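Participant: Structure file run-v5.txt, compact mmCIF, N, CA and C atoms, is pasted below:
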# COMPACT_ATOMS: atom_id res chain seq x y z
N MET A 876 -30.38 15.33 -22.76
CA MET A 876 -29.32 15.79 -21.91
C MET A 876 -29.72 15.66 -20.44
N GLN A 877 -30.98 15.90 -20.12
CA GLN A 877 -31.40 15.81 -18.73
C GLN A 877 -31.38 14.37 -18.23
N SER A 878 -31.84 13.44 -19.05
CA SER A 878 -31.87 12.05 -18.60
C SER A 878 -30.47 11.47 -18.46
N ALA A 879 -29.54 11.94 -19.29
CA ALA A 879 -28.15 11.47 -19.20
C ALA A 879 -27.36 12.25 -18.15
N GLN A 880 -27.93 13.33 -17.62
CA GLN A 880 -27.32 14.19 -16.61
C GLN A 880 -25.98 14.75 -17.08
N ILE A 881 -25.99 15.25 -18.32
CA ILE A 881 -24.80 15.92 -18.85
C ILE A 881 -25.22 17.28 -19.38
N SER A 882 -24.25 18.14 -19.56
CA SER A 882 -24.50 19.45 -20.14
C SER A 882 -23.51 19.69 -21.27
N ASN A 883 -23.71 20.76 -21.96
CA ASN A 883 -22.84 21.12 -23.06
C ASN A 883 -21.39 21.24 -22.56
N ARG A 884 -20.45 20.72 -23.32
CA ARG A 884 -19.02 20.77 -23.00
C ARG A 884 -18.68 20.00 -21.71
N SER A 885 -19.39 18.92 -21.46
CA SER A 885 -19.06 18.08 -20.30
C SER A 885 -19.02 16.62 -20.73
N CYS A 886 -18.52 15.77 -19.85
CA CYS A 886 -18.39 14.34 -20.13
C CYS A 886 -19.05 13.55 -19.01
N LEU A 887 -19.53 12.36 -19.34
CA LEU A 887 -20.07 11.48 -18.32
C LEU A 887 -18.96 11.07 -17.35
N ARG A 888 -19.34 10.73 -16.14
CA ARG A 888 -18.38 10.41 -15.09
C ARG A 888 -17.41 9.28 -15.48
N PRO A 889 -17.86 8.17 -16.09
CA PRO A 889 -16.89 7.13 -16.49
C PRO A 889 -15.86 7.63 -17.50
N LEU A 890 -16.30 8.49 -18.42
CA LEU A 890 -15.37 9.06 -19.39
C LEU A 890 -14.41 10.02 -18.70
N GLN A 891 -14.91 10.80 -17.74
CA GLN A 891 -14.03 11.69 -16.98
C GLN A 891 -12.94 10.88 -16.26
N ARG A 892 -13.34 9.75 -15.72
CA ARG A 892 -12.38 8.89 -15.00
C ARG A 892 -11.29 8.40 -15.95
N ALA A 893 -11.68 7.97 -17.13
CA ALA A 893 -10.71 7.49 -18.11
C ALA A 893 -9.80 8.63 -18.58
N ILE A 894 -10.39 9.79 -18.86
CA ILE A 894 -9.59 10.94 -19.31
C ILE A 894 -8.59 11.34 -18.23
N THR A 895 -9.03 11.35 -16.98
CA THR A 895 -8.15 11.71 -15.87
C THR A 895 -7.01 10.71 -15.73
N ALA A 896 -7.31 9.45 -15.88
CA ALA A 896 -6.25 8.43 -15.79
C ALA A 896 -5.24 8.59 -16.93
N PHE A 897 -5.74 8.82 -18.13
CA PHE A 897 -4.83 9.02 -19.26
C PHE A 897 -4.02 10.30 -19.08
N GLY A 898 -4.67 11.37 -18.59
CA GLY A 898 -3.99 12.64 -18.38
C GLY A 898 -2.96 12.59 -17.28
N ALA A 899 -3.14 11.70 -16.31
CA ALA A 899 -2.16 11.56 -15.23
C ALA A 899 -0.94 10.76 -15.69
N ASP A 900 -1.13 9.91 -16.69
CA ASP A 900 -0.03 9.06 -17.17
C ASP A 900 0.87 9.74 -18.18
N GLN A 901 0.31 10.63 -19.00
CA GLN A 901 1.06 11.21 -20.11
C GLN A 901 0.76 12.69 -20.24
N PRO A 902 1.57 13.43 -21.00
CA PRO A 902 1.21 14.81 -21.31
C PRO A 902 -0.15 14.85 -22.01
N PHE A 903 -0.88 15.95 -21.81
CA PHE A 903 -2.24 16.02 -22.34
C PHE A 903 -2.29 15.82 -23.85
N ARG A 904 -1.30 16.31 -24.57
CA ARG A 904 -1.29 16.14 -26.03
C ARG A 904 -1.24 14.66 -26.40
N GLN A 905 -0.47 13.88 -25.69
CA GLN A 905 -0.38 12.44 -25.96
C GLN A 905 -1.58 11.69 -25.40
N ALA A 906 -2.16 12.20 -24.32
CA ALA A 906 -3.32 11.54 -23.71
C ALA A 906 -4.56 11.62 -24.60
N VAL A 907 -4.58 12.55 -25.54
CA VAL A 907 -5.70 12.68 -26.48
C VAL A 907 -5.87 11.41 -27.31
N ASP A 908 -4.79 10.74 -27.61
CA ASP A 908 -4.85 9.55 -28.46
C ASP A 908 -5.43 8.33 -27.74
N LYS A 909 -5.35 8.29 -26.43
CA LYS A 909 -5.79 7.10 -25.69
C LYS A 909 -7.29 6.84 -25.76
N PRO A 910 -8.18 7.84 -25.57
CA PRO A 910 -9.62 7.54 -25.71
C PRO A 910 -9.98 7.06 -27.11
N VAL A 911 -9.28 7.58 -28.12
CA VAL A 911 -9.53 7.12 -29.49
C VAL A 911 -9.12 5.66 -29.61
N GLU A 912 -7.97 5.33 -29.08
CA GLU A 912 -7.45 3.95 -29.15
C GLU A 912 -8.33 2.96 -28.40
N HIS A 913 -8.80 3.36 -27.20
CA HIS A 913 -9.54 2.43 -26.35
C HIS A 913 -11.05 2.45 -26.58
N TYR A 914 -11.61 3.65 -26.82
CA TYR A 914 -13.07 3.78 -26.87
C TYR A 914 -13.60 4.35 -28.19
N TRP A 915 -12.73 4.72 -29.12
CA TRP A 915 -13.09 5.33 -30.39
C TRP A 915 -13.80 6.66 -30.17
N ILE A 916 -13.38 7.40 -29.17
CA ILE A 916 -13.95 8.70 -28.85
C ILE A 916 -12.84 9.74 -28.98
N LEU A 917 -13.12 10.79 -29.74
CA LEU A 917 -12.14 11.85 -29.93
C LEU A 917 -12.43 12.97 -28.93
N ILE A 918 -11.49 13.23 -28.05
CA ILE A 918 -11.59 14.29 -27.05
C ILE A 918 -10.46 15.28 -27.34
N CYS A 919 -10.77 16.57 -27.37
CA CYS A 919 -9.73 17.55 -27.68
C CYS A 919 -8.78 17.72 -26.49
N GLU A 920 -7.63 18.27 -26.78
CA GLU A 920 -6.59 18.43 -25.77
C GLU A 920 -7.05 19.33 -24.62
N SER A 921 -7.78 20.39 -24.93
CA SER A 921 -8.23 21.31 -23.87
C SER A 921 -9.23 20.63 -22.93
N THR A 922 -10.10 19.78 -23.47
CA THR A 922 -11.05 19.04 -22.62
C THR A 922 -10.31 18.04 -21.75
N THR A 923 -9.31 17.38 -22.32
CA THR A 923 -8.50 16.45 -21.54
C THR A 923 -7.81 17.17 -20.40
N ALA A 924 -7.19 18.30 -20.69
CA ALA A 924 -6.49 19.07 -19.65
C ALA A 924 -7.46 19.58 -18.60
N ARG A 925 -8.58 20.16 -19.04
CA ARG A 925 -9.55 20.73 -18.10
C ARG A 925 -10.12 19.65 -17.17
N THR A 926 -10.47 18.49 -17.72
CA THR A 926 -11.05 17.42 -16.93
C THR A 926 -10.04 16.88 -15.92
N ALA A 927 -8.82 16.61 -16.35
CA ALA A 927 -7.80 16.08 -15.44
C ALA A 927 -7.46 17.11 -14.36
N GLN A 928 -7.38 18.38 -14.72
CA GLN A 928 -7.05 19.42 -13.75
C GLN A 928 -8.19 19.65 -12.75
N GLN A 929 -9.44 19.53 -13.19
CA GLN A 929 -10.57 19.65 -12.26
C GLN A 929 -10.54 18.54 -11.22
N HIS A 930 -10.24 17.33 -11.66
CA HIS A 930 -10.18 16.21 -10.71
C HIS A 930 -8.98 16.36 -9.78
N ALA A 931 -7.85 16.83 -10.30
CA ALA A 931 -6.68 17.06 -9.45
C ALA A 931 -6.98 18.13 -8.41
N LYS A 932 -7.68 19.18 -8.80
CA LYS A 932 -8.05 20.25 -7.87
C LYS A 932 -8.97 19.71 -6.78
N ALA A 933 -9.94 18.88 -7.16
CA ALA A 933 -10.87 18.30 -6.18
C ALA A 933 -10.12 17.41 -5.18
N ILE A 934 -9.16 16.65 -5.67
CA ILE A 934 -8.36 15.79 -4.79
C ILE A 934 -7.53 16.65 -3.85
N PHE A 935 -6.90 17.70 -4.39
CA PHE A 935 -6.07 18.58 -3.57
C PHE A 935 -6.90 19.26 -2.49
N GLU A 936 -8.09 19.75 -2.83
CA GLU A 936 -8.93 20.45 -1.87
C GLU A 936 -9.51 19.53 -0.81
N SER A 937 -9.69 18.25 -1.14
CA SER A 937 -10.26 17.31 -0.17
C SER A 937 -9.20 16.69 0.75
N ALA A 938 -7.93 16.91 0.42
CA ALA A 938 -6.84 16.35 1.24
C ALA A 938 -6.73 17.12 2.55
N PRO A 939 -6.33 16.43 3.61
CA PRO A 939 -6.14 17.14 4.88
C PRO A 939 -4.99 18.14 4.75
N PRO A 940 -4.99 19.18 5.57
CA PRO A 940 -3.91 20.17 5.49
C PRO A 940 -2.55 19.53 5.79
N ALA A 941 -1.54 20.04 5.11
CA ALA A 941 -0.20 19.48 5.29
C ALA A 941 0.31 19.75 6.70
N GLN A 942 0.98 18.76 7.26
CA GLN A 942 1.57 18.91 8.58
C GLN A 942 2.99 19.43 8.41
N SER A 943 3.57 19.88 9.49
CA SER A 943 4.94 20.37 9.42
C SER A 943 5.89 19.21 9.12
N TRP A 944 7.06 19.55 8.64
CA TRP A 944 8.06 18.55 8.28
C TRP A 944 8.49 17.80 9.53
N PRO A 945 8.62 16.48 9.48
CA PRO A 945 9.01 15.71 10.68
C PRO A 945 10.43 16.06 11.14
N THR A 946 10.59 16.09 12.45
CA THR A 946 11.90 16.41 13.01
C THR A 946 12.66 15.16 13.44
N LYS A 947 11.98 14.05 13.58
CA LYS A 947 12.62 12.80 13.98
C LYS A 947 13.11 12.04 12.74
N THR A 948 14.21 11.31 12.91
CA THR A 948 14.67 10.43 11.83
C THR A 948 14.05 9.06 12.03
N GLY A 949 13.98 8.32 10.97
CA GLY A 949 13.40 6.98 11.06
C GLY A 949 12.41 6.76 9.95
N ILE A 950 11.56 5.78 10.13
CA ILE A 950 10.59 5.40 9.11
C ILE A 950 9.41 6.35 9.16
N SER A 951 9.00 6.82 8.03
CA SER A 951 7.88 7.75 7.92
C SER A 951 6.57 6.98 7.79
N ALA A 952 5.51 7.56 8.29
CA ALA A 952 4.19 6.95 8.15
C ALA A 952 3.60 7.22 6.76
N VAL A 953 4.17 8.20 6.07
CA VAL A 953 3.67 8.57 4.74
C VAL A 953 4.81 8.52 3.74
N ILE A 954 4.54 7.88 2.60
CA ILE A 954 5.50 7.84 1.50
C ILE A 954 4.80 8.42 0.28
N ILE A 955 5.41 9.42 -0.34
CA ILE A 955 4.83 10.03 -1.52
C ILE A 955 5.35 9.30 -2.75
N VAL A 956 4.43 8.84 -3.61
CA VAL A 956 4.81 8.07 -4.79
C VAL A 956 4.19 8.69 -6.03
N ASP A 957 4.62 8.24 -7.19
CA ASP A 957 4.09 8.70 -8.46
C ASP A 957 2.76 8.01 -8.72
N THR A 958 1.93 8.60 -9.59
CA THR A 958 0.61 8.02 -9.87
C THR A 958 0.65 6.94 -10.94
N ASP A 959 1.83 6.61 -11.46
CA ASP A 959 1.87 5.63 -12.54
C ASP A 959 1.93 4.19 -12.05
N GLY A 960 1.92 3.98 -10.74
CA GLY A 960 1.95 2.63 -10.20
C GLY A 960 3.35 2.05 -10.15
N GLY A 961 4.36 2.85 -10.37
CA GLY A 961 5.74 2.38 -10.31
C GLY A 961 6.14 2.00 -8.89
N MET A 962 7.12 1.16 -8.79
CA MET A 962 7.57 0.72 -7.48
C MET A 962 8.54 1.75 -6.88
N VAL A 963 8.46 1.93 -5.58
CA VAL A 963 9.32 2.87 -4.88
C VAL A 963 10.32 2.07 -4.07
N PRO A 964 11.62 2.26 -4.33
CA PRO A 964 12.60 1.52 -3.54
C PRO A 964 12.68 2.07 -2.12
N ILE A 965 12.72 1.20 -1.14
CA ILE A 965 12.85 1.57 0.25
C ILE A 965 14.29 1.28 0.66
N VAL A 966 14.98 2.27 1.22
CA VAL A 966 16.38 2.14 1.55
C VAL A 966 16.55 2.27 3.06
N ASP A 967 17.27 1.32 3.64
CA ASP A 967 17.63 1.41 5.04
C ASP A 967 19.03 2.02 5.13
N ILE A 968 19.16 3.05 5.96
CA ILE A 968 20.43 3.76 6.09
C ILE A 968 21.21 3.20 7.26
N ASP A 969 22.46 2.85 7.01
CA ASP A 969 23.32 2.34 8.06
C ASP A 969 24.05 3.55 8.68
N ASN A 970 23.79 3.82 9.95
CA ASN A 970 24.36 5.01 10.61
C ASN A 970 25.74 4.75 11.21
N THR A 971 26.38 3.64 10.90
CA THR A 971 27.70 3.37 11.49
C THR A 971 28.82 4.00 10.73
What do you get writing this file as structure tokens?
Facilitator:
Amino acid sequence: MQSAQISNRSCLRPLQRAITAFGADQPFRQAVDKPVEHYWILICESTTARTAQQHAKAIFESAPPAQSWPTKTGISAVIIVDTDGGMVPIVDIDNT
């Protein structure tokens, strides 16, 4: 355990990355099937949820504080998108 740098009830970093990606794409109950399908590793639903939520918390805490809502109209410097890699349609509004 020391040489692998893991402890009881934990996963190696590459496995955590895969679990987090699967957990971000689907509900945790369905994400349990993905490691089995791809890596032949059975991970329980609670471990999948805990791992994905720990990484989400770390991302949230490392993000800069939210700024106030913009008061100007026009193009925003920030666009919030989904984590599934889907395309976001950009719409130009005609003010006439």
Participant: Could you tell me which of A:Ser921, A:Phe903, A:Ile934, A:Ala927 comes closest to A:Leu890 if we count only C-alpha atoms?
Facilitator: A:Ala927
Participant: If you run DSSP on this backbone, which residues of stretch 884-953 of chain A come out as alpha helix (DSSP H), and could you give them as a short mmCIF file (atom, residue, chain, number, x, y, z; two decimals) with N, CA and C atoms, in the frame of the given file?
Facilitator:
data_model
loop_
_atom_site.label_atom_id
_atom_site.label_comp_id
_atom_site.auth_asym_id
_atom_site.auth_seq_id
_atom_site.Cartn_x
_atom_site.Cartn_y
_atom_site.Cartn_z
N ARG A 888 -19.34 10.73 -16.14
CA ARG A 888 -18.38 10.41 -15.09
C ARG A 888 -17.41 9.28 -15.48
N PRO A 889 -17.86 8.17 -16.09
CA PRO A 889 -16.89 7.13 -16.49
C PRO A 889 -15.86 7.63 -17.50
N LEU A 890 -16.30 8.49 -18.42
CA LEU A 890 -15.37 9.06 -19.39
C LEU A 890 -14.41 10.02 -18.70
N GLN A 891 -14.91 10.80 -17.74
CA GLN A 891 -14.03 11.69 -16.98
C GLN A 891 -12.94 10.88 -16.26
N ARG A 892 -13.34 9.75 -15.72
CA ARG A 892 -12.38 8.89 -15.00
C ARG A 892 -11.29 8.40 -15.95
N ALA A 893 -11.68 7.97 -17.13
CA ALA A 893 -10.71 7.49 -18.11
C ALA A 893 -9.80 8.63 -18.58
N ILE A 894 -10.39 9.79 -18.86
CA ILE A 894 -9.59 10.94 -19.31
C ILE A 894 -8.59 11.34 -18.23
N THR A 895 -9.03 11.35 -16.98
CA THR A 895 -8.15 11.71 -15.87
C THR A 895 -7.01 10.71 -15.73
N ALA A 896 -7.31 9.45 -15.88
CA ALA A 896 -6.25 8.43 -15.79
C ALA A 896 -5.24 8.59 -16.93
N PHE A 897 -5.74 8.82 -18.13
CA PHE A 897 -4.83 9.02 -19.26
C PHE A 897 -4.02 10.30 -19.08
N GLY A 898 -4.67 11.37 -18.59
CA GLY A 898 -3.99 12.64 -18.38
C GLY A 898 -2.96 12.59 -17.28
N ALA A 899 -3.14 11.70 -16.31
CA ALA A 899 -2.16 11.56 -15.23
C ALA A 899 -0.94 10.76 -15.69
N ASP A 900 -1.13 9.91 -16.69
CA ASP A 900 -0.03 9.06 -17.17
C ASP A 900 0.87 9.74 -18.18
N PHE A 903 -0.88 15.95 -21.81
CA PHE A 903 -2.24 16.02 -22.34
C PHE A 903 -2.29 15.82 -23.85
N ARG A 904 -1.30 16.31 -24.57
CA ARG A 904 -1.29 16.14 -26.03
C ARG A 904 -1.24 14.66 -26.40
N GLN A 905 -0.47 13.88 -25.69
CA GLN A 905 -0.38 12.44 -25.96
C GLN A 905 -1.58 11.69 -25.40
N ALA A 906 -2.16 12.20 -24.32
CA ALA A 906 -3.32 11.54 -23.71
C ALA A 906 -4.56 11.62 -24.60
N ASP A 908 -4.79 10.74 -27.61
CA ASP A 908 -4.85 9.55 -28.46
C ASP A 908 -5.43 8.33 -27.74
N LYS A 909 -5.35 8.29 -26.43
CA LYS A 909 -5.79 7.10 -25.69
C LYS A 909 -7.29 6.84 -25.76
N PRO A 910 -8.18 7.84 -25.57
CA PRO A 910 -9.62 7.54 -25.71
C PRO A 910 -9.98 7.06 -27.11
N VAL A 911 -9.28 7.58 -28.12
CA VAL A 911 -9.53 7.12 -29.49
C VAL A 911 -9.12 5.66 -29.61
N GLU A 912 -7.97 5.33 -29.08
CA GLU A 912 -7.45 3.95 -29.15
C GLU A 912 -8.33 2.96 -28.40
N HIS A 913 -8.80 3.36 -27.20
CA HIS A 913 -9.54 2.43 -26.35
C HIS A 913 -11.05 2.45 -26.58
N TYR A 914 -11.61 3.65 -26.82
CA TYR A 914 -13.07 3.78 -26.87
C TYR A 914 -13.60 4.35 -28.19
N GLU A 920 -7.63 18.27 -26.78
CA GLU A 920 -6.59 18.43 -25.77
C GLU A 920 -7.05 19.33 -24.62
N SER A 921 -7.78 20.39 -24.93
CA SER A 921 -8.23 21.31 -23.87
C SER A 921 -9.23 20.63 -22.93
N THR A 922 -10.10 19.78 -23.47
CA THR A 922 -11.05 19.04 -22.62
C THR A 922 -10.31 18.04 -21.75
N THR A 923 -9.31 17.38 -22.32
CA THR A 923 -8.50 16.45 -21.54
C THR A 923 -7.81 17.17 -20.40
N ALA A 924 -7.19 18.30 -20.69
CA ALA A 924 -6.49 19.07 -19.65
C ALA A 924 -7.46 19.58 -18.60
N ARG A 925 -8.58 20.16 -19.04
CA ARG A 925 -9.55 20.73 -18.10
C ARG A 925 -10.12 19.65 -17.17
N THR A 926 -10.47 18.49 -17.72
CA THR A 926 -11.05 17.42 -16.93
C THR A 926 -10.04 16.88 -15.92
N ALA A 927 -8.82 16.61 -16.35
CA ALA A 927 -7.80 16.08 -15.44
C ALA A 927 -7.46 17.11 -14.36
N GLN A 928 -7.38 18.38 -14.72
CA GLN A 928 -7.05 19.42 -13.75
C GLN A 928 -8.19 19.65 -12.75
N GLN A 929 -9.44 19.53 -13.19
CA GLN A 929 -10.57 19.65 -12.26
C GLN A 929 -10.54 18.54 -11.22
N HIS A 930 -10.24 17.33 -11.66
CA HIS A 930 -10.18 16.21 -10.71
C HIS A 930 -8.98 16.36 -9.78
N ALA A 931 -7.85 16.83 -10.30
CA ALA A 931 -6.68 17.06 -9.45
C ALA A 931 -6.98 18.13 -8.41
N LYS A 932 -7.68 19.18 -8.80
CA LYS A 932 -8.05 20.25 -7.87
C LYS A 932 -8.97 19.71 -6.78
N ALA A 933 -9.94 18.88 -7.16
CA ALA A 933 -10.87 18.30 -6.18
C ALA A 933 -10.12 17.41 -5.18
N ILE A 934 -9.16 16.65 -5.67
CA ILE A 934 -8.36 15.79 -4.79
C ILE A 934 -7.53 16.65 -3.85
N PHE A 935 -6.90 17.70 -4.39
CA PHE A 935 -6.07 18.58 -3.57
C PHE A 935 -6.90 19.26 -2.49
N GLU A 936 -8.09 19.75 -2.83
CA GLU A 936 -8.93 20.45 -1.87
C GLU A 936 -9.51 19.53 -0.81
N SER A 937 -9.69 18.25 -1.14
CA SER A 937 -10.26 17.31 -0.17
C SER A 937 -9.20 16.69 0.75
#
Participant: As an exercise, work out the distance from atom C of A:Ile918 to atom N of A:Ala906 in Å and give it to one decimal place.
Facilitator: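 Between atom C of A:Ile918 and atom N of A:Ala906 the gap works out to 9.4 Å.
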Participant: What does the structure give for the distance between atom CA of A:Val907 and atom CA of A:Ser882, in Å to one decimal?
Facilitator: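 Pair atom CA of A:Val907 / atom CA of A:Ser882 returns 21.0 Å.
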Participant: Would you mind reading off the distance between atom C of A:Gly949 and atom CA of A:Glu936, one decimal, in Å?
Facilitator: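 Value for the atom C of A:Gly949-atom CA of A:Glu936 distance: 28.0 Å.
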Participant: Box for stretch 883-896 of chain A: with edges along x, y and z, all listed atoms inside and 3 Å added on each side, what are the centre and edge lengths in Å to one decimal, as JSON?
Facilitator:
{"center_x": -14.5, "center_y": 14.2, "center_z": -19.2, "size_x": 24.5, "size_y": 20.1, "size_z": 14.3}
Participant: Select, from A:Ala952, A:Ile894, A:Ala941, A:Leu887, the residue with the minimum atom-to-atom distance to A:Ala924, counting all atoms listed in the file.
Facilitator: A:Ile894
Participant: Find the residue from A:Gln905, A:Pro910, A:Arg925, A:Val966 that sits nearest to A:Ala893; use all atoms listed in the file when measuring.
Facilitator: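 Smallest distance to A:Ala893 is found for A:Pro910.
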Participant: Supply stretch 892-908 of chain A as a CSV table (one decimal), in the frame of the given file, with N, CA, C and O atoms built in where the input has gaps.
Facilitator:
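See selection-v9.csv below for the written result:
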chain,number,residue,atom,x,y,z
A,892,ARG,N,-13.3,9.8,-15.7
A,892,ARG,CA,-12.4,8.9,-15.0
A,892,ARG,C,-11.3,8.4,-16.0
A,892,ARG,O,-10.1,8.4,-15.6
A,893,ALA,N,-11.7,8.0,-17.1
A,893,ALA,CA,-10.7,7.5,-18.1
A,893,ALA,C,-9.8,8.6,-18.6
A,893,ALA,O,-8.6,8.5,-18.7
A,894,ILE,N,-10.4,9.8,-18.9
A,894,ILE,CA,-9.6,10.9,-19.3
A,894,ILE,C,-8.6,11.3,-18.2
A,894,ILE,O,-7.4,11.6,-18.5
A,895,THR,N,-9.0,11.4,-17.0
A,895,THR,CA,-8.2,11.7,-15.9
A,895,THR,C,-7.0,10.7,-15.7
A,895,THR,O,-5.9,11.1,-15.5
A,896,ALA,N,-7.3,9.4,-15.9
A,896,ALA,CA,-6.2,8.4,-15.8
A,896,ALA,C,-5.2,8.6,-16.9
A,896,ALA,O,-4.0,8.5,-16.7
A,897,PHE,N,-5.7,8.8,-18.1
A,897,PHE,CA,-4.8,9.0,-19.3
A,897,PHE,C,-4.0,10.3,-19.1
A,897,PHE,O,-2.8,10.4,-19.4
A,898,GLY,N,-4.7,11.4,-18.6
A,898,GLY,CA,-4.0,12.6,-18.4
A,898,GLY,C,-3.0,12.6,-17.3
A,898,GLY,O,-2.0,13.4,-17.3
A,899,ALA,N,-3.1,11.7,-16.3
A,899,ALA,CA,-2.2,11.6,-15.2
A,899,ALA,C,-0.9,10.8,-15.7
A,899,ALA,O,0.2,10.9,-15.2
A,900,ASP,N,-1.1,9.9,-16.7
A,900,ASP,CA,0.0,9.1,-17.2
A,900,ASP,C,0.9,9.7,-18.2
A,900,ASP,O,2.1,9.5,-18.2
A,901,GLN,N,0.3,10.6,-19.0
A,901,GLN,CA,1.1,11.2,-20.1
A,901,GLN,C,0.8,12.7,-20.2
A,901,GLN,O,-0.2,13.2,-19.7
A,902,PRO,N,1.6,13.4,-21.0
A,902,PRO,CA,1.2,14.8,-21.3
A,902,PRO,C,-0.2,14.8,-22.0
A,902,PRO,O,-0.5,13.9,-22.7
A,903,PHE,N,-0.9,16.0,-21.8
A,903,PHE,CA,-2.2,16.0,-22.3
A,903,PHE,C,-2.3,15.8,-23.8
A,903,PHE,O,-3.2,15.2,-24.4
A,904,ARG,N,-1.3,16.3,-24.6
A,904,ARG,CA,-1.3,16.1,-26.0
A,904,ARG,C,-1.2,14.7,-26.4
A,904,ARG,O,-1.9,14.2,-27.3
A,905,GLN,N,-0.5,13.9,-25.7
A,905,GLN,CA,-0.4,12.4,-26.0
A,905,GLN,C,-1.6,11.7,-25.4
A,905,GLN,O,-2.0,10.7,-25.9
A,906,ALA,N,-2.2,12.2,-24.3
A,906,ALA,CA,-3.3,11.5,-23.7
A,906,ALA,C,-4.6,11.6,-24.6
A,906,ALA,O,-5.5,10.8,-24.5
A,907,VAL,N,-4.6,12.6,-25.5
A,907,VAL,CA,-5.7,12.7,-26.5
A,907,VAL,C,-5.9,11.4,-27.3
A,907,VAL,O,-7.0,11.0,-27.7
A,908,ASP,N,-4.8,10.7,-27.6
A,908,ASP,CA,-4.8,9.6,-28.5
A,908,ASP,C,-5.4,8.3,-27.7
A,908,ASP,O,-5.9,7.4,-28.4
